[in-house]
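What follows is model29.cif (mmCIF, C-alpha atoms).
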```cif
data_upload
loop_
_atom_site.label_atom_id
_atom_site.label_comp_id
_atom_site.auth_asym_id
_atom_site.auth_seq_id
_atom_site.Cartn_x
_atom_site.Cartn_y
_atom_site.Cartn_z
CA MET A 891 76.33 83.18 105.65
CA PHE A 892 79.09 84.56 103.45
CA GLY A 893 81.84 83.61 105.84
CA GLN A 894 82.99 80.71 103.72
CA ALA A 895 83.15 82.81 100.55
CA ASN A 896 85.33 85.33 102.37
CA VAL A 897 87.57 82.55 103.55
CA LEU A 898 87.87 81.29 99.96
CA ALA A 899 88.67 84.72 98.61
CA ALA A 900 91.34 85.24 101.23
CA GLY A 901 92.89 81.94 100.24
CA GLN A 902 92.84 80.76 103.84
CA ALA A 903 90.55 77.77 103.45
CA ALA A 904 91.77 74.71 105.26
CA PHE A 905 92.25 71.67 103.10
CA PRO A 906 91.02 68.95 103.33
CA PRO A 907 87.53 70.08 104.47
CA SER A 908 86.35 68.59 107.73
CA VAL A 909 83.13 67.96 109.61
CA ASP A 910 83.59 71.38 111.18
CA ASP A 911 82.77 72.96 107.83
CA PHE A 912 79.18 71.80 108.41
CA TYR A 913 78.90 73.69 111.70
CA LEU A 914 78.68 77.36 110.95
CA PRO A 915 78.60 80.15 113.47
CA ALA A 916 75.19 81.57 114.40
CA ILE A 917 73.57 84.45 112.55
CA VAL A 918 71.81 85.68 115.69
CA PRO A 919 73.81 86.38 117.77
CA TRP A 920 76.25 87.07 114.95
CA GLY A 921 79.31 84.86 114.68
CA VAL A 922 78.89 82.93 117.94
CA GLU A 923 79.96 79.28 117.77
CA ASN A 924 77.71 76.50 119.06
CA ALA A 925 74.54 78.61 119.15
CA PRO A 926 72.26 76.61 116.87
CA TRP A 927 68.94 78.44 117.41
CA PHE A 928 69.40 80.83 114.53
CA THR A 929 71.98 79.63 112.06
CA LYS A 930 72.15 79.35 108.30
CA PHE A 931 70.52 75.91 108.73
CA THR A 932 67.49 76.99 110.71
CA LEU A 933 67.16 80.04 108.47
CA MET A 934 67.07 77.80 105.41
CA ILE A 935 64.38 75.64 107.05
CA TRP A 936 62.22 78.74 107.61
CA VAL A 937 62.91 79.97 104.09
CA ALA A 938 61.84 76.60 102.67
CA VAL A 939 58.67 76.52 104.78
CA GLY A 940 57.85 80.14 103.92
CA PHE A 941 58.50 79.58 100.23
CA LEU A 942 56.31 76.47 100.07
CA ILE A 943 53.45 78.06 102.00
CA ILE A 944 53.53 81.21 99.87
CA PHE A 945 53.89 79.23 96.65
CA PHE A 946 50.93 76.93 97.33
CA LEU A 947 48.68 79.59 98.83
CA ALA A 948 49.41 81.97 95.96
CA THR A 949 48.91 79.40 93.22
CA TYR A 950 45.84 77.91 94.87
CA ARG A 951 44.20 81.06 96.16
CA ASN A 952 41.46 80.97 93.59
CA PRO A 953 41.28 77.52 91.99
CA LYS A 954 39.48 77.15 88.68
CA LEU A 955 38.07 74.10 86.94
CA VAL A 956 40.15 75.02 83.95
CA PRO A 957 43.48 75.73 85.64
CA THR A 958 45.85 78.59 84.98
CA LYS A 959 49.49 77.78 84.34
CA LYS A 960 50.53 78.28 87.98
CA GLN A 961 47.56 76.38 89.31
CA TRP A 962 48.32 73.57 86.87
CA PHE A 963 51.92 73.48 88.12
CA ALA A 964 50.87 73.25 91.78
CA GLU A 965 48.29 70.63 90.89
CA SER A 966 50.75 68.53 88.96
CA ILE A 967 53.10 68.38 91.97
CA TYR A 968 50.26 67.16 94.14
CA GLY A 969 48.94 64.94 91.34
CA PHE A 970 52.37 63.37 90.87
CA VAL A 971 52.75 62.43 94.54
CA ARG A 972 49.10 61.44 94.83
CA ASN A 973 48.93 59.19 91.77
CA ASN A 974 52.50 58.03 91.25
CA ILE A 975 53.46 57.50 94.90
CA SER A 976 50.41 57.27 97.20
CA VAL A 977 47.97 55.45 94.93
CA ASP A 978 50.62 53.37 93.19
CA MET A 979 52.12 52.16 96.47
CA ILE A 980 49.12 51.96 98.79
CA GLY A 981 46.14 51.66 96.43
CA HIS A 982 42.92 53.64 96.63
CA GLN A 983 43.41 54.16 100.40
CA GLY A 984 46.58 56.06 99.51
CA VAL A 985 44.59 59.16 98.59
CA ARG A 986 44.18 59.78 102.35
CA PHE A 987 47.95 60.09 102.76
CA ALA A 988 48.60 62.10 99.62
CA PRO A 989 48.52 65.51 101.40
CA TYR A 990 51.15 64.42 103.92
CA PHE A 991 53.35 62.78 101.30
CA THR A 992 53.16 65.84 99.08
CA THR A 993 54.13 68.08 102.00
CA LEU A 994 56.98 65.70 102.85
CA PHE A 995 58.14 65.49 99.25
CA CYS A 996 58.09 69.24 98.70
CA PHE A 997 59.84 69.93 102.00
CA VAL A 998 62.64 67.44 101.33
CA LEU A 999 62.95 68.60 97.73
CA VAL A 1000 63.27 72.28 98.60
CA THR A 1001 65.58 71.77 101.59
CA ASN A 1002 67.76 69.46 99.46
CA ALA A 1003 67.75 72.00 96.65
CA PHE A 1004 69.56 74.51 98.88
CA ALA A 1005 72.63 72.32 98.33
CA ILE A 1006 73.13 73.83 94.87
CA ILE A 1007 71.29 77.15 95.08
CA PRO A 1008 73.89 79.95 94.98
CA LEU A 1009 74.57 81.69 98.33
CA PHE A 1010 72.88 78.85 100.25
CA GLN A 1011 74.95 76.02 98.78
CA ILE A 1012 74.45 73.60 101.62
CA SER A 1013 71.39 71.55 102.42
CA PRO A 1014 69.90 71.67 105.91
CA ASN A 1015 69.48 67.92 105.49
CA SER A 1016 73.24 67.55 105.88
CA HIS A 1017 72.50 68.03 109.58
CA ILE A 1018 70.90 64.79 110.68
CA ALA A 1019 68.38 66.56 112.95
CA PHE A 1020 66.08 67.44 110.04
CA PRO A 1021 66.03 64.04 108.27
CA ALA A 1022 65.63 62.46 111.71
CA ILE A 1023 62.47 64.45 112.41
CA LEU A 1024 60.96 63.34 109.11
CA ALA A 1025 62.02 59.72 109.67
CA VAL A 1026 60.49 59.72 113.17
CA ILE A 1027 57.23 61.07 111.77
CA SER A 1028 57.17 58.34 109.11
CA TYR A 1029 58.02 55.72 111.76
CA VAL A 1030 55.28 56.85 114.15
CA LEU A 1031 52.85 57.21 111.26
CA PHE A 1032 53.25 53.71 109.85
CA ASN A 1033 53.13 52.05 113.27
CA TYR A 1034 50.11 54.11 114.31
CA ILE A 1035 48.28 53.30 111.10
CA GLY A 1036 49.15 49.61 111.37
CA ILE A 1037 47.94 49.41 114.98
CA ARG A 1038 44.76 51.29 114.18
CA HIS A 1039 44.07 49.13 111.15
CA HIS A 1040 44.80 45.68 112.61
CA GLY A 1041 44.65 46.24 116.36
CA PHE A 1042 47.73 46.15 118.59
CA GLY A 1043 48.27 42.39 118.91
CA LYS A 1044 47.41 41.50 115.34
CA TYR A 1045 49.62 44.26 113.98
CA PHE A 1046 52.72 43.05 115.79
CA LYS A 1047 51.95 39.42 115.03
CA HIS A 1048 51.50 40.41 111.41
CA ALA A 1049 54.66 42.50 111.34
CA LEU A 1050 56.90 40.10 113.24
CA ILE A 1051 55.82 36.61 112.22
CA PRO A 1052 56.39 35.87 108.58
CA PRO A 1053 54.62 32.88 107.01
CA ALA A 1054 57.48 30.42 107.48
CA PRO A 1055 57.95 26.99 109.05
CA TRP A 1056 57.92 27.18 112.88
CA TYR A 1057 61.51 26.01 113.30
CA ILE A 1058 62.90 28.96 111.33
CA LEU A 1059 60.82 31.52 113.27
CA PRO A 1060 63.28 31.91 116.19
CA LEU A 1061 65.71 33.23 113.60
CA LEU A 1062 63.25 35.25 111.55
CA ILE A 1063 61.39 37.07 114.32
CA PRO A 1064 64.44 38.94 115.68
CA ILE A 1065 65.51 39.80 112.13
CA GLU A 1066 62.03 41.12 111.28
CA ALA A 1067 61.82 43.07 114.54
CA PHE A 1068 65.25 44.55 114.02
CA SER A 1069 64.65 45.51 110.39
CA THR A 1070 61.12 46.84 110.83
CA PHE A 1071 61.29 48.65 114.12
CA ILE A 1072 64.93 49.66 114.44
CA ILE A 1073 66.57 49.81 111.04
CA ARG A 1074 63.75 51.52 109.15
CA PRO A 1075 63.80 54.95 110.81
CA PHE A 1076 67.60 55.00 110.94
CA SER A 1077 67.99 54.01 107.31
CA LEU A 1078 65.48 56.67 106.25
CA ALA A 1079 67.21 59.43 108.20
CA VAL A 1080 70.77 58.36 107.47
CA ARG A 1081 70.17 57.81 103.75
CA LEU A 1082 68.98 61.37 103.25
CA PHE A 1083 71.49 62.89 105.65
CA ALA A 1084 74.46 60.96 104.22
CA ASN A 1085 73.58 61.81 100.63
CA MET A 1086 73.38 65.52 101.34
CA PHE A 1087 76.41 65.44 103.64
CA ALA A 1088 78.52 63.56 101.11
CA GLY A 1089 77.32 65.74 98.25
CA HIS A 1090 78.37 68.90 100.07
CA MET A 1091 81.64 67.30 101.13
CA LEU A 1092 82.43 66.35 97.52
CA LEU A 1093 81.74 69.86 96.29
CA LEU A 1094 83.92 71.24 99.10
CA VAL A 1095 86.75 68.86 98.26
CA PHE A 1096 86.84 69.83 94.60
CA THR A 1097 86.29 73.56 95.15
CA LEU A 1098 88.76 73.90 98.03
CA GLY A 1099 91.10 71.43 96.33
CA GLY A 1100 91.38 73.81 93.38
CA PHE A 1101 92.34 76.68 95.69
CA ALA A 1102 94.71 74.47 97.66
CA MET A 1103 96.61 73.46 94.52
CA LEU A 1104 96.72 77.01 93.25
CA ASN A 1105 98.10 78.23 96.57
CA ALA A 1106 100.64 75.44 96.72
CA ASN A 1107 102.13 75.97 93.27
CA ALA A 1108 101.12 78.28 90.41
CA TRP A 1109 102.02 75.53 87.92
CA LEU A 1110 99.15 73.47 89.25
CA ALA A 1111 96.64 76.06 87.99
CA PRO A 1112 95.44 73.89 85.04
CA ILE A 1113 94.67 71.08 87.45
CA SER A 1114 92.79 73.56 89.63
CA VAL A 1115 90.67 74.35 86.60
CA VAL A 1116 90.01 70.63 86.12
CA SER A 1117 89.01 70.47 89.77
CA TRP A 1118 86.53 73.33 89.36
CA VAL A 1119 85.10 71.77 86.19
CA MET A 1120 84.55 68.67 88.29
CA THR A 1121 82.69 70.87 90.79
CA VAL A 1122 80.31 71.94 88.04
CA ALA A 1123 79.80 68.34 86.92
CA LEU A 1124 79.23 67.23 90.50
CA THR A 1125 76.73 70.05 90.96
CA LEU A 1126 74.71 68.55 88.12
CA LEU A 1127 75.00 65.12 89.75
CA GLU A 1128 73.90 66.73 93.01
CA ALA A 1129 70.79 68.07 91.25
CA LEU A 1130 69.90 64.50 90.35
CA VAL A 1131 70.56 63.28 93.92
CA ILE A 1132 68.39 66.08 95.33
CA VAL A 1133 65.32 65.02 93.36
CA LEU A 1134 66.03 61.32 93.74
CA GLN A 1135 66.44 61.47 97.53
CA ALA A 1136 63.23 63.45 97.94
CA TYR A 1137 61.46 60.83 95.84
CA VAL A 1138 63.08 57.89 97.65
CA PHE A 1139 62.22 59.26 101.08
CA THR A 1140 58.58 59.69 100.10
CA VAL A 1141 58.34 56.32 98.34
CA LEU A 1142 59.89 54.47 101.29
CA SER A 1143 57.51 56.16 103.75
CA ALA A 1144 54.62 55.18 101.48
CA SER A 1145 55.93 51.63 101.26
CA TYR A 1146 56.13 51.33 105.07
CA ILE A 1147 52.54 52.51 105.38
CA GLN A 1148 51.53 50.08 102.64
CA GLY A 1149 53.23 47.28 104.60
CA ALA A 1150 51.39 48.30 107.77
CA LEU A 1151 48.04 48.28 105.98
CA ALA A 1152 48.66 45.05 104.03
CA GLU A 1153 46.45 42.10 104.95
CA GLU A 1154 48.98 39.44 104.00
CA HIS A 1155 52.72 39.29 103.55
CA MET B 791 77.65 55.16 118.10
CA LEU B 792 80.15 55.34 120.90
CA PHE B 793 82.75 54.07 118.47
CA LEU B 794 81.86 56.82 116.03
CA LEU B 795 82.01 59.38 118.80
CA ALA B 796 85.41 58.13 119.78
CA ALA B 797 86.67 58.13 116.21
CA GLU B 798 85.51 61.68 115.56
CA GLY B 799 86.28 62.98 118.98
CA GLY B 800 89.98 63.45 118.36
CA GLU B 801 89.56 65.75 115.37
CA SER B 802 86.39 67.69 115.98
CA ASP B 803 83.93 68.94 118.57
CA HIS B 804 81.09 67.97 116.25
CA ASN B 805 79.68 64.59 115.48
CA PRO B 806 77.50 64.70 112.35
CA ILE B 807 75.49 61.64 113.40
CA ILE B 808 74.33 63.22 116.68
CA PRO B 809 71.40 65.57 116.04
CA ILE B 810 71.48 69.05 117.54
CA TRP B 811 68.45 69.31 119.82
CA GLN B 812 67.79 72.98 119.01
CA GLU B 813 67.59 72.06 115.34
CA ILE B 814 65.15 69.26 116.15
CA VAL B 815 62.92 71.79 117.89
CA VAL B 816 63.15 74.32 115.07
CA GLY B 817 62.68 71.66 112.38
CA THR B 818 59.68 70.12 114.14
CA VAL B 819 57.95 73.46 114.59
CA ALA B 820 58.70 74.56 111.02
CA PHE B 821 57.57 71.28 109.49
CA ALA B 822 54.44 71.24 111.66
CA VAL B 823 53.55 74.73 110.43
CA LEU B 824 54.13 73.63 106.84
CA CYS B 825 52.04 70.47 107.29
CA PHE B 826 49.24 72.41 108.99
CA VAL B 827 48.94 75.03 106.27
CA LEU B 828 49.36 72.76 103.24
CA MET B 829 47.29 69.84 104.55
CA LYS B 830 44.48 72.05 105.78
CA PHE B 831 44.24 74.82 103.22
CA VAL B 832 45.82 73.60 100.00
CA PHE B 833 45.65 69.88 99.26
CA PRO B 834 42.04 69.27 100.35
CA ARG B 835 41.03 72.08 98.00
CA MET B 836 43.01 70.40 95.25
CA GLU B 837 41.08 67.17 95.92
CA GLN B 838 37.86 69.17 95.72
CA THR B 839 38.94 70.73 92.45
CA PHE B 840 39.85 67.31 91.04
CA GLN B 841 36.43 66.00 92.12
CA ALA B 842 34.65 69.01 90.66
CA ARG B 843 36.57 68.50 87.44
CA VAL B 844 35.58 64.81 87.31
CA ASP B 845 31.97 65.79 88.00
CA ALA B 846 32.08 68.45 85.32
CA ILE B 847 33.46 66.05 82.75
CA GLU B 848 31.09 63.22 83.69
CA GLY B 849 28.17 65.68 83.83
CA GLY B 850 29.15 66.96 80.39
CA ILE B 851 29.22 63.43 79.01
CA LYS B 852 25.86 62.68 80.60
CA ARG B 853 24.35 65.86 79.17
CA ALA B 854 25.75 65.05 75.75
CA GLU B 855 24.30 61.55 75.96
CA ALA B 856 20.90 62.94 76.94
CA ALA B 857 21.01 65.43 74.07
CA GLN B 858 22.00 62.65 71.69
CA ALA B 859 19.11 60.47 72.86
CA GLU B 860 16.70 63.36 72.49
CA ALA B 861 17.98 64.11 69.02
CA ASN B 862 17.58 60.45 68.04
CA GLN B 863 14.06 60.41 69.39
CA LEU B 864 13.20 63.58 67.49
CA LEU B 865 14.69 62.11 64.33
CA GLU B 866 12.54 58.98 64.73
CA GLN B 867 9.51 61.16 65.34
CA TYR B 868 10.21 63.25 62.25
CA ARG B 869 10.75 60.13 60.17
CA ALA B 870 7.42 58.72 61.36
CA GLN B 871 5.71 62.02 60.64
CA LEU B 872 7.29 62.18 57.22
CA ALA B 873 6.14 58.65 56.38
CA GLU B 874 2.68 59.51 57.62
CA ALA B 875 2.65 62.68 55.52
CA ARG B 876 3.76 60.67 52.48
CA THR B 877 0.89 58.19 52.98
CA ASP B 878 -1.52 61.10 53.46
CA ALA B 879 -0.28 62.77 50.31
CA ALA B 880 -0.65 59.54 48.31
CA LYS B 881 -4.14 59.10 49.70
CA ILE B 882 -5.06 62.67 48.85
CA ARG B 883 -3.69 62.22 45.35
CA ASP B 884 -5.68 59.03 44.92
CA ASP B 885 -8.80 60.72 46.24
CA ALA B 886 -8.28 63.66 43.93
CA ARG B 887 -7.78 61.36 40.99
CA ALA B 888 -10.97 59.48 41.91
CA ASP B 889 -12.85 62.77 42.36
CA ALA B 890 -11.61 64.04 39.03
CA GLU B 891 -12.72 60.83 37.37
CA GLY B 892 -16.14 61.13 39.03
CA ILE B 893 -16.49 64.74 38.00
CA ARG B 894 -15.50 63.87 34.44
CA GLN B 895 -18.05 61.10 34.37
CA ASP B 896 -20.68 63.46 35.78
CA ILE B 897 -19.90 66.14 33.23
CA LEU B 898 -19.92 63.59 30.43
CA ALA B 899 -23.25 62.19 31.57
CA LYS B 900 -24.71 65.67 31.87
CA ALA B 901 -23.37 66.64 28.46
CA ARG B 902 -24.77 63.49 26.96
CA GLU B 903 -28.11 64.13 28.62
CA GLU B 904 -28.07 67.73 27.45
CA SER B 905 -27.25 66.73 23.91
CA ASP B 906 -29.98 64.09 24.01
CA ARG B 907 -32.36 66.69 25.30
CA VAL B 908 -31.38 69.18 22.59
CA ILE B 909 -31.68 66.52 19.93
CA GLN B 910 -35.03 65.45 21.31
CA ALA B 911 -36.23 69.05 21.38
CA GLY B 912 -35.04 69.49 17.81
CA LYS B 913 -36.80 66.34 16.80
CA ASP B 914 -40.00 67.43 18.54
CA ALA B 915 -39.88 70.88 16.97
CA LEU B 916 -39.22 69.34 13.60
CA ALA B 917 -42.15 66.96 14.01
CA ALA B 918 -44.40 69.80 15.12
CA GLU B 919 -43.28 71.96 12.21
CA ARG B 920 -43.80 69.08 9.84
CA ALA B 921 -47.26 68.43 11.21
CA THR B 922 -48.09 72.13 10.84
CA ILE B 923 -46.72 72.23 7.34
CA VAL B 924 -48.58 69.04 6.44
CA ARG B 925 -51.75 70.47 7.87
CA GLU B 926 -51.35 73.75 5.99
CA LEU B 927 -50.27 71.96 2.87
CA ARG B 928 -53.25 69.68 3.09
CA ALA B 929 -55.62 72.61 3.33
CA GLU B 930 -53.82 74.47 0.55
CA VAL B 931 -53.54 71.38 -1.67
CA GLY B 932 -57.26 70.76 -1.20
CA THR B 933 -58.10 74.31 -2.13
CA ILE B 934 -55.73 74.33 -5.09
CA ALA B 935 -57.03 70.95 -6.27
CA VAL B 936 -60.62 72.07 -6.01
CA ASP B 937 -59.86 75.36 -7.76
CA LEU B 938 -58.01 73.50 -10.46
CA ALA B 939 -60.86 71.02 -10.87
CA SER B 940 -63.38 73.83 -10.93
CA LYS B 941 -61.47 75.51 -13.74
CA ILE B 942 -61.37 72.26 -15.62
CA VAL B 943 -64.95 71.40 -14.96
CA GLY B 944 -66.08 74.95 -15.26
CA GLU B 945 -68.18 75.17 -12.23
CA SER B 946 -67.66 75.64 -8.64
CA LEU B 947 -67.19 72.47 -6.85
CA ALA B 948 -66.09 74.05 -3.70
CA ASP B 949 -69.33 73.73 -1.81
CA GLU B 950 -69.83 70.23 -3.12
CA ALA B 951 -66.39 69.14 -2.28
CA ARG B 952 -66.74 70.56 1.16
CA ARG B 953 -70.04 68.87 1.54
CA LYS B 954 -68.97 65.49 0.58
CA GLY B 955 -65.37 65.52 2.01
CA THR B 956 -63.96 64.34 -1.25
CA VAL B 957 -60.66 66.07 -0.98
CA ASP B 958 -60.00 64.82 2.47
CA ARG B 959 -60.77 61.29 1.55
CA PHE B 960 -58.51 61.53 -1.44
CA LEU B 961 -55.70 62.98 0.54
CA SER B 962 -56.08 60.33 3.21
CA GLY B 963 -55.91 57.75 0.48
CA LEU B 964 -52.75 59.35 -0.82
CA GLU B 965 -51.28 59.42 2.61
CA SER B 966 -52.01 55.85 3.33
CA THR B 967 -50.53 54.74 0.01
CA GLY B 968 -47.54 57.01 0.71
CA ALA B 969 -47.17 55.50 4.12
CA ARG B 970 -47.37 52.02 2.71
#
```

Can the structure in the file be given as structure tokens, please?
Amino acid sequence: MFGQANVLAAGQAAFPPSVDDFYLPAIVPWGVENAPWFTKFTLMIWVAVGFLIIFFLATYRNPKLVPTKKQWFAESIYGFVRNNISVDMIGHQGVRFAPYFTTLFCFVLVTNAFAIIPLFQISPNSHIAFPAILAVISYVLFNYIGIRHHGFGKYFKHALIPPAPWYILPLLIPIEAFSTFIIRPFSLAVRLFANMFAGHMLLLVFTLGGFAMLNANAWLAPISVVSWVMTVALTLLEALVIVLQAYVFTVLSASYIQGALAEEH
Amino acid sequence: MLFLLAAEGGESDHNPIIPIWQEIVVGTVAFAVLCFVLMKFVFPRMEQTFQARVDAIEGGIKRAEAAQAEANQLLEQYRAQLAEARTDAAKIRDDARADAEGIRQDILAKAREESDRVIQAGKDALAAERATIVRELRAEVGTIAVDLASKIVGESLADEARRKGTVDRFLSGLESTGAR
């Protein structure tokens, strides 16, 4: 986990950073390449899951009508997703989906947050496997709900045939099919993955860039400092992206479910 | 995707757009555990708490409304009772005033009667006294007159006078002239 820090301290970091910087050696067995079962990434996933389970079980072990501060905090997370995402997007039926959306939101938020938490400093979501799982769940969920709500034939008719003149339909149906059933899960997964990947890459560029300049020429030290100041600024930007991407992922999933449940276009 | 693979292939063994299957397994299991725990043990209880809170607040409002209604009803009742008591009091006062007037009239009548009676008794006693005095006087006047006449005439006329009723006749004559 600290391999990269050691590399930095030794002044041996390769510049520019590459995709390989996202593929760290395994923790168990220690230092083996291409052994993804137990790496920093899977460890962070378990840490996030453990943290969320402990947080919610601890704060909601003994709920009171008049909440304590911790209980109020846990409730306001759920209340935010329930009222401002589920109910706002889907309507009163949205309450049913609020538990899943809250779980999704919290999971994405915490895993994203690792991107700027010291010692972790990379988000598991910069490996596409994790956003892909979540996107597949959203994809299966909205199709399942649509089919259950409308019936198989009516759902696909509803999803594929927009209310348009018949002569434009040959053009519209493939576009609708492509956008709804192919683009949606990819865009969900790639949006989250690319944001976290690019965020980490940017931080790497400015951090390693500072060291690279310092190593190349001592006179470049002031510019190295500028580069590291940029790292701090970008970390703040990253904090914004972390929250925003968690929100966007949840809102888009909710919007797909809303579309699947909608009676009309 | 093949294009991407080709583009990346030269520089790196890794393609960031191809998911690692081991991570998919780990991520699925971990997320499933998270979903199971949170969606089964945490969020439904939050819904219950929200519902209980709504019930508590609505119940509180309902109880307050009931209490308010009861209070209003009691107030009306008290007002009615107060008005009734006021009417009763006025009636009692009127009755008392009427009673007092009656009693006063009674007492006055009795007093008047008593005074009449006393006056009458006085008058009667006076009349009786007068009659007695007149009677005694008459007898005495007769005797004195006869005595006086006897002294003047020089002989006793008493028996004569008694025999003939002269004195009485005279006195009766006096009386009748006096009365006239």

- Message: Which residues are near Ala935 (chain B)? Cut-off 12 Å, only C-alpha atoms, ignore same chain within fewer than 6 positions. Put them as a PyMOL selection string.
- Response: chain B and resi 927-929+941-943+946-948+951+956-958+960-961

Output file for the selection above: C-alpha atoms, as a PDB file, in the frame of the given file:
```pdb
ATOM      1  CA  LEU B 927     -50.270  71.960   2.870  1.00  0.00           C
ATOM      2  CA  ARG B 928     -53.250  69.680   3.090  1.00  0.00           C
ATOM      3  CA  ALA B 929     -55.620  72.610   3.330  1.00  0.00           C
ATOM      4  CA  LYS B 941     -61.470  75.510 -13.740  1.00  0.00           C
ATOM      5  CA  ILE B 942     -61.370  72.260 -15.620  1.00  0.00           C
ATOM      6  CA  VAL B 943     -64.950  71.400 -14.960  1.00  0.00           C
ATOM      7  CA  SER B 946     -67.660  75.640  -8.640  1.00  0.00           C
ATOM      8  CA  LEU B 947     -67.190  72.470  -6.850  1.00  0.00           C
ATOM      9  CA  ALA B 948     -66.090  74.050  -3.700  1.00  0.00           C
ATOM     10  CA  ALA B 951     -66.390  69.140  -2.280  1.00  0.00           C
ATOM     11  CA  THR B 956     -63.960  64.340  -1.250  1.00  0.00           C
ATOM     12  CA  VAL B 957     -60.660  66.070  -0.980  1.00  0.00           C
ATOM     13  CA  ASP B 958     -60.000  64.820   2.470  1.00  0.00           C
ATOM     14  CA  PHE B 960     -58.510  61.530  -1.440  1.00  0.00           C
ATOM     15  CA  LEU B 961     -55.700  62.980   0.540  1.00  0.00           C
TER      16      LEU B 961
END
```

List every protein, DNA or RNA residue with an atom no more than 9 Å from (71.1, 84.6, 114.4) in the file's coordinates, counting all atoms listed in the file, and format the result as a list in words.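 With a cut-off of 9 Å, the residues come to Pro915, Ala916, Ile917, Val918, Pro919, Trp920, Gly921, Val922, Ala925, Pro926, Trp927, Phe928, Thr929, Lys930 and Leu933 of chain A.
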
| said: Show me, as an MDAnalysis selection string, every residue of chain B with an atom at most 6 Å from chain A, counting all atoms listed in the file. | reply: chainID B and resid 809 812 814 817 824 829 833 843

Hits of the PyMOL selection byres ((chain A and resi 1113-1118) around 7) in this structure, as an MDAnalysis selection string: chainID A and resid 1096:1097 1099:1101 1103:1104 1110:1112 1119:1122

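Rounded to one decimal, CA of Leu1093 (chain A) and CA of Ser1077 (chain A) lie 23.7 Å from each other.
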
Got a sec to resolve the PyMOL selection byres ((chain A and resi 1075) around 8) on this structure and send the residues as a PyMOL selection string? chain A and resi 1022+1025-1026+1028-1029+1071-1074+1076-1079

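The interatomic distance for the pair CA of Asp896 (chain B) and CA of Gln910 (chain B) works out to 20.5 Å.
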
Can you put N, CA and C atoms back into region 922-936 of chain A and show it as a PDB file, keeping the file's coordinate frame?
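Contents of selection11.pdb, as written:
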```pdb
ATOM      1  N   VAL A 922      78.614  83.721 116.743  1.00  0.00           N
ATOM      2  CA  VAL A 922      78.890  82.930 117.940  1.00  0.00           C
ATOM      3  C   VAL A 922      78.886  81.443 117.570  1.00  0.00           C
ATOM      4  N   GLU A 923      79.902  80.729 118.016  1.00  0.00           N
ATOM      5  CA  GLU A 923      79.960  79.280 117.770  1.00  0.00           C
ATOM      6  C   GLU A 923      79.000  78.551 118.700  1.00  0.00           C
ATOM      7  N   ASN A 924      78.549  77.379 118.241  1.00  0.00           N
ATOM      8  CA  ASN A 924      77.710  76.500 119.060  1.00  0.00           C
ATOM      9  C   ASN A 924      76.465  77.189 119.610  1.00  0.00           C
ATOM     10  N   ALA A 925      75.825  78.010 118.763  1.00  0.00           N
ATOM     11  CA  ALA A 925      74.540  78.610 119.150  1.00  0.00           C
ATOM     12  C   ALA A 925      73.550  78.303 118.031  1.00  0.00           C
ATOM     13  N   PRO A 926      72.972  77.090 118.062  1.00  0.00           N
ATOM     14  CA  PRO A 926      72.260  76.610 116.870  1.00  0.00           C
ATOM     15  C   PRO A 926      70.843  77.140 116.696  1.00  0.00           C
ATOM     16  N   TRP A 927      70.345  78.038 117.557  1.00  0.00           N
ATOM     17  CA  TRP A 927      68.940  78.440 117.410  1.00  0.00           C
ATOM     18  C   TRP A 927      68.709  79.179 116.102  1.00  0.00           C
ATOM     19  N   PHE A 928      69.598  80.057 115.763  1.00  0.00           N
ATOM     20  CA  PHE A 928      69.400  80.830 114.530  1.00  0.00           C
ATOM     21  C   PHE A 928      70.694  80.803 113.736  1.00  0.00           C
ATOM     22  N   THR A 929      70.801  79.763 112.917  1.00  0.00           N
ATOM     23  CA  THR A 929      71.980  79.630 112.060  1.00  0.00           C
ATOM     24  C   THR A 929      71.522  79.630 110.621  1.00  0.00           C
ATOM     25  N   LYS A 930      72.486  79.476 109.716  1.00  0.00           N
ATOM     26  CA  LYS A 930      72.150  79.350 108.300  1.00  0.00           C
ATOM     27  C   LYS A 930      71.179  78.180 108.100  1.00  0.00           C
ATOM     28  N   PHE A 931      71.359  77.114 108.907  1.00  0.00           N
ATOM     29  CA  PHE A 931      70.520  75.910 108.730  1.00  0.00           C
ATOM     30  C   PHE A 931      69.085  76.163 109.121  1.00  0.00           C
ATOM     31  N   THR A 932      68.878  76.734 110.307  1.00  0.00           N
ATOM     32  CA  THR A 932      67.490  76.990 110.710  1.00  0.00           C
ATOM     33  C   THR A 932      66.870  78.057 109.822  1.00  0.00           C
ATOM     34  N   LEU A 933      67.682  79.014 109.387  1.00  0.00           N
ATOM     35  CA  LEU A 933      67.160  80.040 108.470  1.00  0.00           C
ATOM     36  C   LEU A 933      66.666  79.392 107.185  1.00  0.00           C
ATOM     37  N   MET A 934      67.465  78.451 106.656  1.00  0.00           N
ATOM     38  CA  MET A 934      67.070  77.800 105.410  1.00  0.00           C
ATOM     39  C   MET A 934      65.776  77.005 105.584  1.00  0.00           C
ATOM     40  N   ILE A 935      65.621  76.380 106.779  1.00  0.00           N
ATOM     41  CA  ILE A 935      64.380  75.640 107.050  1.00  0.00           C
ATOM     42  C   ILE A 935      63.187  76.596 106.974  1.00  0.00           C
ATOM     43  N   TRP A 936      63.328  77.779 107.617  1.00  0.00           N
ATOM     44  CA  TRP A 936      62.220  78.740 107.610  1.00  0.00           C
ATOM     45  C   TRP A 936      61.987  79.283 106.201  1.00  0.00           C
TER      46      TRP A 936
END
```
